[in-house]
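Undergrad: Dropping in protein-v3.csv, with CSV, N, CA and C atoms.
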chain,number,residue,atom,x,y,z
U,50,MET,N,-26.0,104.4,117.4
U,50,MET,CA,-25.6,105.6,116.8
U,50,MET,C,-26.6,106.7,117.2
U,51,PRO,N,-26.2,107.9,117.4
U,51,PRO,CA,-27.1,109.0,117.8
U,51,PRO,C,-28.1,109.4,116.7
U,52,PRO,N,-29.2,110.0,117.1
U,52,PRO,CA,-30.2,110.4,116.1
U,52,PRO,C,-29.6,111.5,115.2
U,53,GLY,N,-30.2,111.6,114.0
U,53,GLY,CA,-29.7,112.6,113.0
U,53,GLY,C,-30.0,112.2,111.6
U,54,VAL,N,-29.5,113.0,110.7
U,54,VAL,CA,-29.7,112.8,109.2
U,54,VAL,C,-28.4,112.1,108.7
U,55,TYR,N,-28.6,110.9,108.2
U,55,TYR,CA,-27.4,110.1,107.8
U,55,TYR,C,-27.4,109.8,106.3
U,56,TYR,N,-26.2,109.7,105.8
U,56,TYR,CA,-25.9,109.1,104.5
U,56,TYR,C,-25.6,107.6,104.7
U,57,ILE,N,-26.3,106.8,104.0
U,57,ILE,CA,-26.1,105.3,104.0
U,57,ILE,C,-25.6,104.9,102.6
U,58,GLY,N,-24.5,104.3,102.5
U,58,GLY,CA,-24.0,103.9,101.2
U,58,GLY,C,-22.5,103.5,101.3
U,59,ASP,N,-21.9,103.4,100.2
U,59,ASP,CA,-20.5,103.1,100.1
U,59,ASP,C,-19.7,104.4,100.6
U,60,LEU,N,-19.0,104.3,101.7
U,60,LEU,CA,-18.3,105.4,102.2
U,60,LEU,C,-17.2,106.0,101.4
U,61,CYS,N,-16.7,105.2,100.4
U,61,CYS,CA,-15.6,105.7,99.6
U,61,CYS,C,-16.1,106.9,98.7
U,62,TYR,N,-17.4,107.0,98.5
U,62,TYR,CA,-18.0,108.1,97.7
U,62,TYR,C,-18.0,109.4,98.5
U,63,VAL,N,-17.9,109.4,99.8
U,63,VAL,CA,-18.1,110.6,100.5
U,63,VAL,C,-17.0,110.9,101.5
U,64,MET,N,-16.0,110.1,101.7
U,64,MET,CA,-15.0,110.3,102.6
U,64,MET,C,-13.9,111.3,102.1
U,65,GLY,N,-13.8,111.4,100.8
U,65,GLY,CA,-12.8,112.4,100.2
U,65,GLY,C,-11.4,112.1,100.7
U,66,THR,N,-10.8,113.2,101.2
U,66,THR,CA,-9.4,113.1,101.7
U,66,THR,C,-9.2,112.3,102.9
U,67,GLU,N,-10.3,111.9,103.6
U,67,GLU,CA,-10.3,111.1,104.8
U,67,GLU,C,-10.3,109.6,104.5
U,68,TRP,N,-10.4,109.2,103.2
U,68,TRP,CA,-10.5,107.8,102.8
U,68,TRP,C,-9.3,107.0,103.3
U,69,ASP,N,-8.1,107.6,103.2
U,69,ASP,CA,-6.9,106.8,103.6
U,69,ASP,C,-7.0,106.6,105.1
U,70,TYR,N,-7.3,107.6,105.9
U,70,TYR,CA,-7.5,107.4,107.3
U,70,TYR,C,-8.5,106.3,107.6
U,71,PHE,N,-9.6,106.4,107.0
U,71,PHE,CA,-10.7,105.5,107.2
U,71,PHE,C,-10.2,104.0,106.9
U,72,CYS,N,-9.5,103.9,105.8
U,72,CYS,CA,-9.0,102.5,105.4
U,72,CYS,C,-8.0,102.0,106.4
U,73,ASP,N,-7.2,102.9,107.0
U,73,ASP,CA,-6.2,102.5,108.0
U,73,ASP,C,-6.7,102.2,109.4
U,74,HIS,N,-7.9,102.8,109.7
U,74,HIS,CA,-8.4,102.7,111.1
U,74,HIS,C,-9.8,102.1,111.3
U,75,CYS,N,-10.6,102.1,110.2
U,75,CYS,CA,-12.0,101.8,110.4
U,75,CYS,C,-12.5,100.6,109.5
U,76,LEU,N,-11.7,99.8,109.0
U,76,LEU,CA,-12.2,98.8,108.0
U,76,LEU,C,-12.8,97.6,108.7
U,77,ASP,N,-12.6,97.4,110.0
U,77,ASP,CA,-13.3,96.3,110.6
U,77,ASP,C,-14.8,96.6,110.7
U,78,ASP,N,-15.6,95.6,110.6
U,78,ASP,CA,-17.1,95.8,110.8
U,78,ASP,C,-17.3,96.4,112.1
U,79,GLY,N,-18.2,97.4,112.1
U,79,GLY,CA,-18.6,98.0,113.4
U,79,GLY,C,-18.7,99.5,113.4
U,80,GLU,N,-18.8,100.1,114.6
U,80,GLU,CA,-18.9,101.5,114.7
U,80,GLU,C,-17.5,102.0,115.1
U,81,HIS,N,-17.2,103.2,114.6
U,81,HIS,CA,-15.9,103.8,114.8
U,81,HIS,C,-16.0,105.3,115.0
U,82,ILE,N,-14.9,105.8,115.6
U,82,ILE,CA,-14.8,107.3,115.8
U,82,ILE,C,-13.8,107.9,114.9
U,83,LEU,N,-14.2,108.8,114.1
U,83,LEU,CA,-13.3,109.6,113.3
U,83,LEU,C,-12.7,110.8,114.0
U,84,PRO,N,-11.6,111.4,113.6
U,84,PRO,CA,-11.2,112.6,114.2
U,84,PRO,C,-12.3,113.6,114.3
U,85,GLY,N,-12.3,114.4,115.4
U,85,GLY,CA,-13.3,115.3,115.6
U,85,GLY,C,-14.5,114.7,116.3
U,86,ASP,N,-14.4,113.5,116.9
U,86,ASP,CA,-15.4,112.8,117.6
U,86,ASP,C,-16.6,112.5,116.7
U,87,ARG,N,-16.4,112.2,115.4
U,87,ARG,CA,-17.5,111.9,114.5
U,87,ARG,C,-17.6,110.4,114.4
U,88,ARG,N,-18.9,110.0,114.5
U,88,ARG,CA,-19.1,108.5,114.5
U,88,ARG,C,-19.5,108.1,113.1
U,89,VAL,N,-19.0,106.9,112.8
U,89,VAL,CA,-19.3,106.2,111.5
U,89,VAL,C,-19.5,104.7,111.8
U,90,ALA,N,-20.3,104.1,111.0
U,90,ALA,CA,-20.5,102.6,111.1
U,90,ALA,C,-20.3,102.1,109.7
U,91,SER,N,-19.6,100.9,109.6
U,91,SER,CA,-19.4,100.3,108.3
U,91,SER,C,-19.3,98.8,108.4
U,92,TYR,N,-19.8,98.2,107.4
U,92,TYR,CA,-19.8,96.7,107.3
U,92,TYR,C,-19.5,96.2,105.9
U,93,GLY,N,-18.7,95.2,105.8
U,93,GLY,CA,-18.4,94.6,104.5
U,93,GLY,C,-19.6,93.9,103.9
U,94,THR,N,-19.8,94.0,102.6
U,94,THR,CA,-20.8,93.3,101.9
U,94,THR,C,-20.4,91.9,101.8
U,95,LEU,N,-21.4,91.0,101.6
U,95,LEU,CA,-21.1,89.6,101.5
U,95,LEU,C,-20.4,89.2,100.2
U,96,TYR,N,-20.8,89.9,99.1
U,96,TYR,CA,-20.2,89.6,97.8
U,96,TYR,C,-19.4,90.7,97.2
U,97,GLY,N,-18.9,91.7,98.1
U,97,GLY,CA,-18.0,92.7,97.6
U,97,GLY,C,-18.8,93.8,96.8
U,98,ASP,N,-18.2,94.2,95.7
U,98,ASP,CA,-18.8,95.3,94.9
U,98,ASP,C,-20.0,94.8,94.2
U,99,GLY,N,-20.9,95.8,93.9
U,99,GLY,CA,-22.1,95.5,93.2
U,99,GLY,C,-23.2,96.5,93.5
U,100,THR,N,-24.4,96.2,93.3
U,100,THR,CA,-25.5,97.1,93.7
U,100,THR,C,-26.5,96.3,94.5
U,101,TYR,N,-26.8,96.8,95.7
U,101,TYR,CA,-27.6,96.1,96.7
U,101,TYR,C,-28.9,96.9,97.0
U,102,PRO,N,-30.0,96.1,97.2
U,102,PRO,CA,-31.3,96.7,97.6
U,102,PRO,C,-31.3,97.2,99.0
U,103,CYS,N,-31.9,98.3,99.2
U,103,CYS,CA,-32.1,98.9,100.6
U,103,CYS,C,-33.6,98.8,100.9
U,104,SER,N,-33.9,98.6,102.1
U,104,SER,CA,-35.4,98.4,102.5
U,104,SER,C,-36.2,99.7,102.3
U,105,ASN,N,-35.6,100.8,102.1
U,105,ASN,CA,-36.4,102.1,101.8
U,105,ASN,C,-36.6,102.2,100.3
U,106,GLY,N,-36.2,101.3,99.5
U,106,GLY,CA,-36.4,101.3,98.0
U,106,GLY,C,-35.2,101.8,97.2
U,107,ALA,N,-34.2,102.3,97.9
U,107,ALA,CA,-33.0,102.7,97.2
U,107,ALA,C,-32.2,101.5,96.8
U,108,TRP,N,-31.3,101.7,95.8
U,108,TRP,CA,-30.3,100.7,95.4
U,108,TRP,C,-29.0,101.3,95.6
U,109,LEU,N,-28.1,100.6,96.4
U,109,LEU,CA,-26.8,101.2,96.8
U,109,LEU,C,-25.7,100.6,96.0
U,110,GLY,N,-25.0,101.4,95.2
U,110,GLY,CA,-23.8,101.0,94.5
U,110,GLY,C,-22.7,100.9,95.4
U,111,VAL,N,-21.9,99.8,95.2
U,111,VAL,CA,-20.7,99.6,96.1
U,111,VAL,C,-19.5,99.4,95.2
U,112,ASP,N,-18.4,100.1,95.5
U,112,ASP,CA,-17.1,100.0,94.8
U,112,ASP,C,-16.0,99.6,95.8
U,113,ALA,N,-16.2,99.7,97.1
U,113,ALA,CA,-15.2,99.5,98.1
U,113,ALA,C,-15.5,98.2,98.9
U,114,GLY,N,-16.6,97.5,98.6
U,114,GLY,CA,-16.9,96.3,99.3
U,114,GLY,C,-17.5,96.5,100.7
U,115,LEU,N,-18.0,97.7,100.9
U,115,LEU,CA,-18.6,98.0,102.2
U,115,LEU,C,-19.7,99.0,102.1
U,116,ILE,N,-20.6,99.0,103.1
U,116,ILE,CA,-21.7,100.0,103.2
U,116,ILE,C,-21.6,100.5,104.6
U,117,GLY,N,-21.8,101.8,104.7
U,117,GLY,CA,-21.7,102.4,106.0
U,117,GLY,C,-22.7,103.6,106.2
U,118,CYS,N,-22.6,104.2,107.3
U,118,CYS,CA,-23.5,105.4,107.6
U,118,CYS,C,-22.7,106.4,108.4
U,119,ILE,N,-22.9,107.7,108.0
U,119,ILE,CA,-22.3,108.8,108.7
U,119,ILE,C,-23.3,110.0,108.6
U,120,LYS,N,-23.3,110.8,109.7
U,120,LYS,CA,-24.2,112.0,109.7
U,120,LYS,C,-23.8,112.8,108.5
U,121,ILE,N,-24.7,113.4,107.8
U,121,ILE,CA,-24.4,114.2,106.6
U,121,ILE,C,-23.6,115.4,107.0
U,122,PHE,N,-23.8,116.0,108.1
U,122,PHE,CA,-23.0,117.2,108.5
U,122,PHE,C,-21.6,116.8,109.0
U,123,HIS,N,-21.3,115.5,109.1
U,123,HIS,CA,-20.0,115.0,109.4
U,123,HIS,C,-19.1,114.7,108.2
U,124,ILE,N,-19.8,114.8,107.0
U,124,ILE,CA,-19.0,114.6,105.8
U,124,ILE,C,-18.3,115.8,105.5
U,125,GLN,N,-17.0,115.7,105.3
U,125,GLN,CA,-16.1,116.9,105.2
U,125,GLN,C,-16.2,117.6,103.9
U,126,ASP,N,-16.7,116.9,102.9
U,126,ASP,CA,-16.9,117.5,101.5
U,126,ASP,C,-18.2,118.3,101.6
U,127,ASP,N,-18.2,119.6,101.9
U,127,ASP,CA,-19.4,120.3,102.1
U,127,ASP,C,-20.0,120.7,100.7
U,128,LYS,N,-19.4,120.3,99.6
U,128,LYS,CA,-20.0,120.6,98.3
U,128,LYS,C,-21.0,119.5,97.9
U,129,LEU,N,-21.1,118.4,98.6
U,129,LEU,CA,-22.1,117.4,98.3
U,129,LEU,C,-23.4,117.8,98.9
U,130,THR,N,-24.4,117.9,98.0
U,130,THR,CA,-25.8,118.2,98.4
U,130,THR,C,-26.5,117.0,98.8
U,131,VAL,N,-27.7,117.1,99.4
U,131,VAL,CA,-28.5,116.0,99.8
U,131,VAL,C,-28.9,115.3,98.5
U,132,GLU,N,-29.2,116.0,97.5
U,132,GLU,CA,-29.6,115.4,96.2
U,132,GLU,C,-28.5,114.5,95.7
U,133,GLN,N,-27.2,115.0,95.7
U,133,GLN,CA,-26.1,114.2,95.3
U,133,GLN,C,-25.9,113.0,96.2
U,134,LEU,N,-26.0,113.2,97.5
U,134,LEU,CA,-25.9,112.1,98.4
U,134,LEU,C,-26.9,111.0,98.2
U,135,ASN,N,-28.1,111.4,97.8
U,135,ASN,CA,-29.2,110.4,97.5
U,135,ASN,C,-28.9,109.6,96.2
U,136,LYS,N,-28.1,110.2,95.3
U,136,LYS,CA,-27.6,109.5,94.1
U,136,LYS,C,-26.5,108.5,94.4
U,137,LEU,N,-25.6,108.9,95.3
U,137,LEU,CA,-24.5,108.1,95.7
U,137,LEU,C,-24.9,106.9,96.6
U,138,GLY,N,-26.0,107.2,97.4
U,138,GLY,CA,-26.5,106.2,98.4
U,138,GLY,C,-27.9,106.6,98.7
U,139,THR,N,-28.2,106.7,100.0
U,139,THR,CA,-29.5,107.2,100.4
U,139,THR,C,-29.4,108.0,101.7
U,140,VAL,N,-30.2,109.0,101.8
U,140,VAL,CA,-30.2,109.8,103.0
U,140,VAL,C,-31.4,109.5,103.9
U,141,VAL,N,-31.2,109.2,105.2
U,141,VAL,CA,-32.2,108.7,106.1
U,141,VAL,C,-32.2,109.5,107.3
U,142,VAL,N,-33.4,109.9,107.8
U,142,VAL,CA,-33.5,110.6,109.1
U,142,VAL,C,-33.8,109.5,110.2
U,143,PHE,N,-33.0,109.6,111.3
U,143,PHE,CA,-33.2,108.7,112.4
U,143,PHE,C,-33.6,109.7,113.6
U,144,ASN,N,-34.8,109.5,114.1
U,144,ASN,CA,-35.3,110.4,115.2
U,144,ASN,C,-34.9,110.0,116.6
U,145,SER,N,-34.3,108.8,116.7
U,145,SER,CA,-33.9,108.3,118.0
U,145,SER,C,-32.6,107.5,117.8
U,146,PRO,N,-31.9,107.2,118.9
U,146,PRO,CA,-30.6,106.4,118.7
U,146,PRO,C,-31.0,105.1,118.1
U,147,PHE,N,-30.0,104.5,117.3
U,147,PHE,CA,-30.2,103.3,116.6
U,147,PHE,C,-29.0,102.4,116.6
U,148,GLU,N,-29.3,101.1,116.5
U,148,GLU,CA,-28.2,100.1,116.5
U,148,GLU,C,-27.8,99.8,115.0
U,149,THR,N,-26.6,99.4,114.9
U,149,THR,CA,-26.1,99.0,113.6
U,149,THR,C,-25.6,97.5,113.7
U,150,GLY,N,-25.5,96.8,112.6
U,150,GLY,CA,-24.9,95.5,112.6
U,150,GLY,C,-25.1,94.8,111.3
U,151,VAL,N,-24.6,93.6,111.3
U,151,VAL,CA,-24.7,92.7,110.1
U,151,VAL,C,-24.9,91.3,110.6
U,152,HIS,N,-25.8,90.6,109.8
U,152,HIS,CA,-26.1,89.2,110.1
U,152,HIS,C,-26.4,88.5,108.8
U,153,ASN,N,-25.6,87.5,108.5
U,153,ASN,CA,-25.8,86.7,107.3
U,153,ASN,C,-25.9,87.6,106.0
U,154,GLY,N,-25.1,88.6,106.0
U,154,GLY,CA,-25.0,89.5,104.8
U,154,GLY,C,-26.1,90.6,104.8
U,155,VAL,N,-26.9,90.7,105.8
U,155,VAL,CA,-27.9,91.7,105.8
U,155,VAL,C,-27.4,92.8,106.8
U,156,ILE,N,-27.1,94.0,106.3
U,156,ILE,CA,-26.5,95.1,107.0
U,156,ILE,C,-27.7,95.9,107.5
U,157,SER,N,-27.7,96.2,108.8
U,157,SER,CA,-28.8,97.0,109.4
U,157,SER,C,-28.3,98.3,110.0
U,158,PHE,N,-29.0,99.4,109.7
U,158,PHE,CA,-28.8,100.7,110.4
U,158,PHE,C,-30.2,101.1,110.9
U,159,GLY,N,-30.4,100.7,112.2
U,159,GLY,CA,-31.8,101.0,112.7
U,159,GLY,C,-32.8,100.2,111.9
U,160,HIS,N,-33.8,100.9,111.5
U,160,HIS,CA,-34.9,100.2,110.7
U,160,HIS,C,-34.5,100.0,109.3
U,161,ILE,N,-33.4,100.4,108.8
U,161,ILE,CA,-33.0,100.3,107.4
U,161,ILE,C,-32.1,99.0,107.3
U,162,GLU,N,-32.5,98.2,106.3
U,162,GLU,CA,-31.7,97.0,106.0
U,162,GLU,C,-31.2,97.0,104.6
U,163,VAL,N,-30.0,96.5,104.4
U,163,VAL,CA,-29.4,96.4,103.1
U,163,VAL,C,-29.0,94.9,102.9
U,164,ASN,N,-29.7,94.2,102.0
U,164,ASN,CA,-29.4,92.8,101.8
U,164,ASN,C,-28.3,92.6,100.8
U,165,THR,N,-27.1,92.2,101.3
U,165,THR,CA,-26.0,91.9,100.4
U,165,THR,C,-25.8,90.4,100.2
U,166,ASN,N,-26.8,89.6,100.7
U,166,ASN,CA,-26.7,88.2,100.6
U,166,ASN,C,-27.4,87.6,99.4
U,167,ASP,N,-28.2,88.3,98.8
U,167,ASP,CA,-29.0,87.8,97.7
U,167,ASP,C,-28.4,88.1,96.3
U,168,ASP,N,-27.3,87.3,96.0
U,168,ASP,CA,-26.6,87.6,94.8
U,168,ASP,C,-26.8,86.6,93.7
U,169,ASP,N,-28.1,86.6,93.2
U,169,ASP,CA,-28.4,85.7,92.1
U,169,ASP,C,-27.6,86.0,90.9
U,170,SER,N,-27.2,87.3,90.7
U,170,SER,CA,-26.5,87.6,89.5
U,170,SER,C,-25.1,87.0,89.5
U,171,PHE,N,-24.5,86.7,90.6
U,171,PHE,CA,-23.2,86.1,90.7
U,171,PHE,C,-23.3,84.7,90.1
U,172,GLU,N,-24.3,83.9,90.4
U,172,GLU,CA,-24.5,82.6,89.9
U,172,GLU,C,-24.8,82.6,88.4
U,173,GLU,N,-25.7,83.6,88.0
U,173,GLU,CA,-26.1,83.6,86.6
U,173,GLU,C,-25.0,84.1,85.7
U,174,ASP,N,-24.1,85.0,86.2
U,174,ASP,CA,-23.1,85.6,85.3
U,174,ASP,C,-21.8,84.7,85.3
U,175,TYR,N,-21.6,83.9,86.3
U,175,TYR,CA,-20.4,83.1,86.4
U,175,TYR,C,-20.3,82.0,85.4
U,176,ASP,N,-19.3,81.9,84.7
U,176,ASP,CA,-19.1,80.8,83.7
U,176,ASP,C,-18.3,79.7,84.3
U,177,TYR,N,-18.9,78.7,84.9
U,177,TYR,CA,-18.2,77.7,85.6
U,177,TYR,C,-17.3,76.9,84.7
U,178,GLU,N,-17.6,76.8,83.4
U,178,GLU,CA,-16.8,76.0,82.5
U,178,GLU,C,-15.5,76.6,82.2
U,179,GLU,N,-15.4,77.9,82.4
U,179,GLU,CA,-14.1,78.6,82.1
U,179,GLU,C,-13.0,78.1,83.2
U,180,ASP,N,-13.5,77.8,84.4
U,180,ASP,CA,-12.5,77.3,85.4
U,180,ASP,C,-12.2,75.8,85.4
U,181,TYR,N,-12.9,75.1,84.5
U,181,TYR,CA,-12.7,73.7,84.4
U,181,TYR,C,-11.6,73.4,83.4
U,182,ASP,N,-10.6,72.6,83.8
U,182,ASP,CA,-9.5,72.2,82.9
U,182,ASP,C,-9.8,70.8,82.4
U,183,TYR,N,-10.4,70.8,81.1
U,183,TYR,CA,-10.8,69.6,80.5
U,183,TYR,C,-9.6,68.7,80.2
U,184,GLU,N,-8.4,69.2,80.0
U,184,GLU,CA,-7.2,68.4,79.7
U,184,GLU,C,-6.7,67.6,80.9
U,185,GLU,N,-7.1,68.0,82.1
U,185,GLU,CA,-6.6,67.2,83.3
U,185,GLU,C,-7.3,65.8,83.3
U,186,GLU,N,-8.5,65.7,82.7
U,186,GLU,CA,-9.3,64.4,82.8
U,186,GLU,C,-8.7,63.4,81.9
U,187,GLU,N,-7.9,63.7,80.9
U,187,GLU,CA,-7.4,62.8,79.9
U,187,GLU,C,-6.3,61.9,80.5
Please re-express this file's structure in structure tokens.
TA:
Amino acid sequence: MPPGVYYIGDLCYVMGTEWDYFCDHCLDDGEHILPGDRRVASYGTLYGDGTYPCSNGAWLGVDAGLIGCIKIFHIQDDKLTVEQLNKLGTVVVFNSPFETGVHNGVISFGHIEVNTNDDDSFEEDYDYEEDYDYEEEE
């Protein structure tokens, strides 16, 4: 991806009226081109929705099961301030071109990593006994 100031987080929070287009054309993991030659990268989280730690100290809330990045001036909702973007995700400056990708649930945008593979809360919150049918054993 080219250098610039990027929003990193769940793209459903910032795509606005373009969300339908994004869902129809850009849901596969990887880098994509939006209308107007705007680049975006997005990757599915390993455990879907939740809150995931970012290597810069931010915590990223996810409601669409994915985390992506887009230059902040490519976000069409010009009412979103940098402060608001930092509440929805995190804003990061990349001074040089950077690679994006995902490996074993760790999503990377250049030097920034988001670990979606460490879901201890899933195991702690899940009630395994609710799925067990005790009557089948009889």
Undergrad: Which distance in Å separates atom N of U:Val111 and atom N of U:Ser145, to one decimal?
TA: 26.4 Å
Undergrad: Could you pull the residues within 8 Å of U:Asp126, counting only N, CA and C atoms, minus those fewer than 3 positions along the same chain, as a compact mmCIF listing (two decimals) with N, CA and C atoms, in the frame of the given file?
TA:
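Output saved as result_22.txt:
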# COMPACT_ATOMS: atom_id res chain seq x y z
N VAL U 63 -17.90 109.40 99.80
CA VAL U 63 -18.10 110.60 100.50
C VAL U 63 -17.00 110.90 101.50
N MET U 64 -16.00 110.10 101.70
CA MET U 64 -15.00 110.30 102.60
C MET U 64 -13.90 111.30 102.10
N GLY U 65 -13.80 111.40 100.80
CA GLY U 65 -12.80 112.40 100.20
C GLY U 65 -11.40 112.10 100.70
N THR U 66 -10.80 113.20 101.20
CA THR U 66 -9.40 113.10 101.70
C THR U 66 -9.20 112.30 102.90
N PHE U 122 -23.80 116.00 108.10
CA PHE U 122 -23.00 117.20 108.50
C PHE U 122 -21.60 116.80 109.00
N HIS U 123 -21.30 115.50 109.10
CA HIS U 123 -20.00 115.00 109.40
C HIS U 123 -19.10 114.70 108.20
N LEU U 129 -21.10 118.40 98.60
CA LEU U 129 -22.10 117.40 98.30
C LEU U 129 -23.40 117.80 98.90
N THR U 130 -24.40 117.90 98.00
CA THR U 130 -25.80 118.20 98.40
C THR U 130 -26.50 117.00 98.80
Undergrad: Which of these residues is nearest to U:Thr149, using only N, CA and C atoms: U:Pro52, U:Ile57, U:Ser91, U:Asp73?
TA: U:Ser91
Undergrad: In Å, rounded to a single decimal, give me how far atom N of U:Val54 is from atom C of U:Pro84.
TA: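 Atom C of U:Pro84 sits 17.6 Å away from atom N of U:Val54.
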Undergrad: By how many Å are atom N of U:Val151 and atom N of U:Val163 apart?
TA: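 According to the coordinates, atom N of U:Val151 and atom N of U:Val163 are separated by 9.2 Å.
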Undergrad: Looking at only N, CA and C atoms, which of U:Cys103, U:Ala90, U:Leu83, U:Val142 is the one that sits closest to U:Ile116?
TA: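 Looking at the shortest contact to U:Ile116, the residue is U:Ala90.
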Undergrad: Quick one: residues within 8 Å of U:Cys61, only N, CA and C atoms, excluding same-chain residues fewer than 6 positions away - as a PyMOL selection string?
TA: chain U and resi 68+112-117
Undergrad: Mind writing the picked residues with N, CA and C atoms as a PDB file, in the frame of the given file?
TA:
ATOM      1  N   TRP U  68     -10.400 109.200 103.200  1.00  0.00           N
ATOM      2  CA  TRP U  68     -10.500 107.800 102.800  1.00  0.00           C
ATOM      3  C   TRP U  68      -9.300 107.000 103.300  1.00  0.00           C
ATOM      4  N   ASP U 112     -18.400 100.100  95.500  1.00  0.00           N
ATOM      5  CA  ASP U 112     -17.100 100.000  94.800  1.00  0.00           C
ATOM      6  C   ASP U 112     -16.000  99.600  95.800  1.00  0.00           C
ATOM      7  N   ALA U 113     -16.200  99.700  97.100  1.00  0.00           N
ATOM      8  CA  ALA U 113     -15.200  99.500  98.100  1.00  0.00           C
ATOM      9  C   ALA U 113     -15.500  98.200  98.900  1.00  0.00           C
ATOM     10  N   GLY U 114     -16.600  97.500  98.600  1.00  0.00           N
ATOM     11  CA  GLY U 114     -16.900  96.300  99.300  1.00  0.00           C
ATOM     12  C   GLY U 114     -17.500  96.500 100.700  1.00  0.00           C
ATOM     13  N   LEU U 115     -18.000  97.700 100.900  1.00  0.00           N
ATOM     14  CA  LEU U 115     -18.600  98.000 102.200  1.00  0.00           C
ATOM     15  C   LEU U 115     -19.700  99.000 102.100  1.00  0.00           C
ATOM     16  N   ILE U 116     -20.600  99.000 103.100  1.00  0.00           N
ATOM     17  CA  ILE U 116     -21.700 100.000 103.200  1.00  0.00           C
ATOM     18  C   ILE U 116     -21.600 100.500 104.600  1.00  0.00           C
ATOM     19  N   GLY U 117     -21.800 101.800 104.700  1.00  0.00           N
ATOM     20  CA  GLY U 117     -21.700 102.400 106.000  1.00  0.00           C
ATOM     21  C   GLY U 117     -22.700 103.600 106.200  1.00  0.00           C
TER      22      GLY U 117
END
Undergrad: Any chance you could list, as a ChimeraX atom specification, the residues in chain U that come up alpha helix (DSSP H) when DSSP is run on the backbone?
TA: /U:68-74,131-137,169-174
Undergrad: Between U:Gly150, U:Thr139, U:Val131, U:Val155, which residue has the minimum interatomic distance to U:Ala107, considering only C-alpha atoms?
TA: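 The closest residue to U:Ala107 is U:Thr139.
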Undergrad: U:Glu162, U:Asp167, U:Glu148, U:Asp78: which is nearest U:Met50, counting all atoms listed in the file?
TA: U:Glu148
Undergrad: Between U:Leu137, U:Asp127, U:Cys75, U:Phe143, single out the one closest to U:Tyr62, counting all atoms listed in the file.
TA: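 Of U:Leu137, U:Asp127, U:Cys75, U:Phe143, the one nearest U:Tyr62, counting all atoms listed in the file, is U:Leu137.
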Undergrad: Identify the residues within 7 Å of coordinate (-26.9, 104.9, 104.9) (same frame as the file), considering only C-alpha atoms, and give the answer as a ChimeraX atom specification.
TA: /U:55-58,117-118,138-141
Undergrad: Return the single residue from U:Leu134, U:Ile124, U:Ile156, U:Leu109 that is closest to U:Tyr92, with distances computed using all atoms listed in the file.
TA: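 The answer is U:Ile156, which sits nearest to U:Tyr92.
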Undergrad: Per DSSP on the backbone, filter chain U down to the residues in strand (DSSP E or B) and report them as a ChimeraX atom specification.
TA: /U:53-58,79-83,87-93,99-103,108-111,115-120,139-143,149-152,155-158,161-164
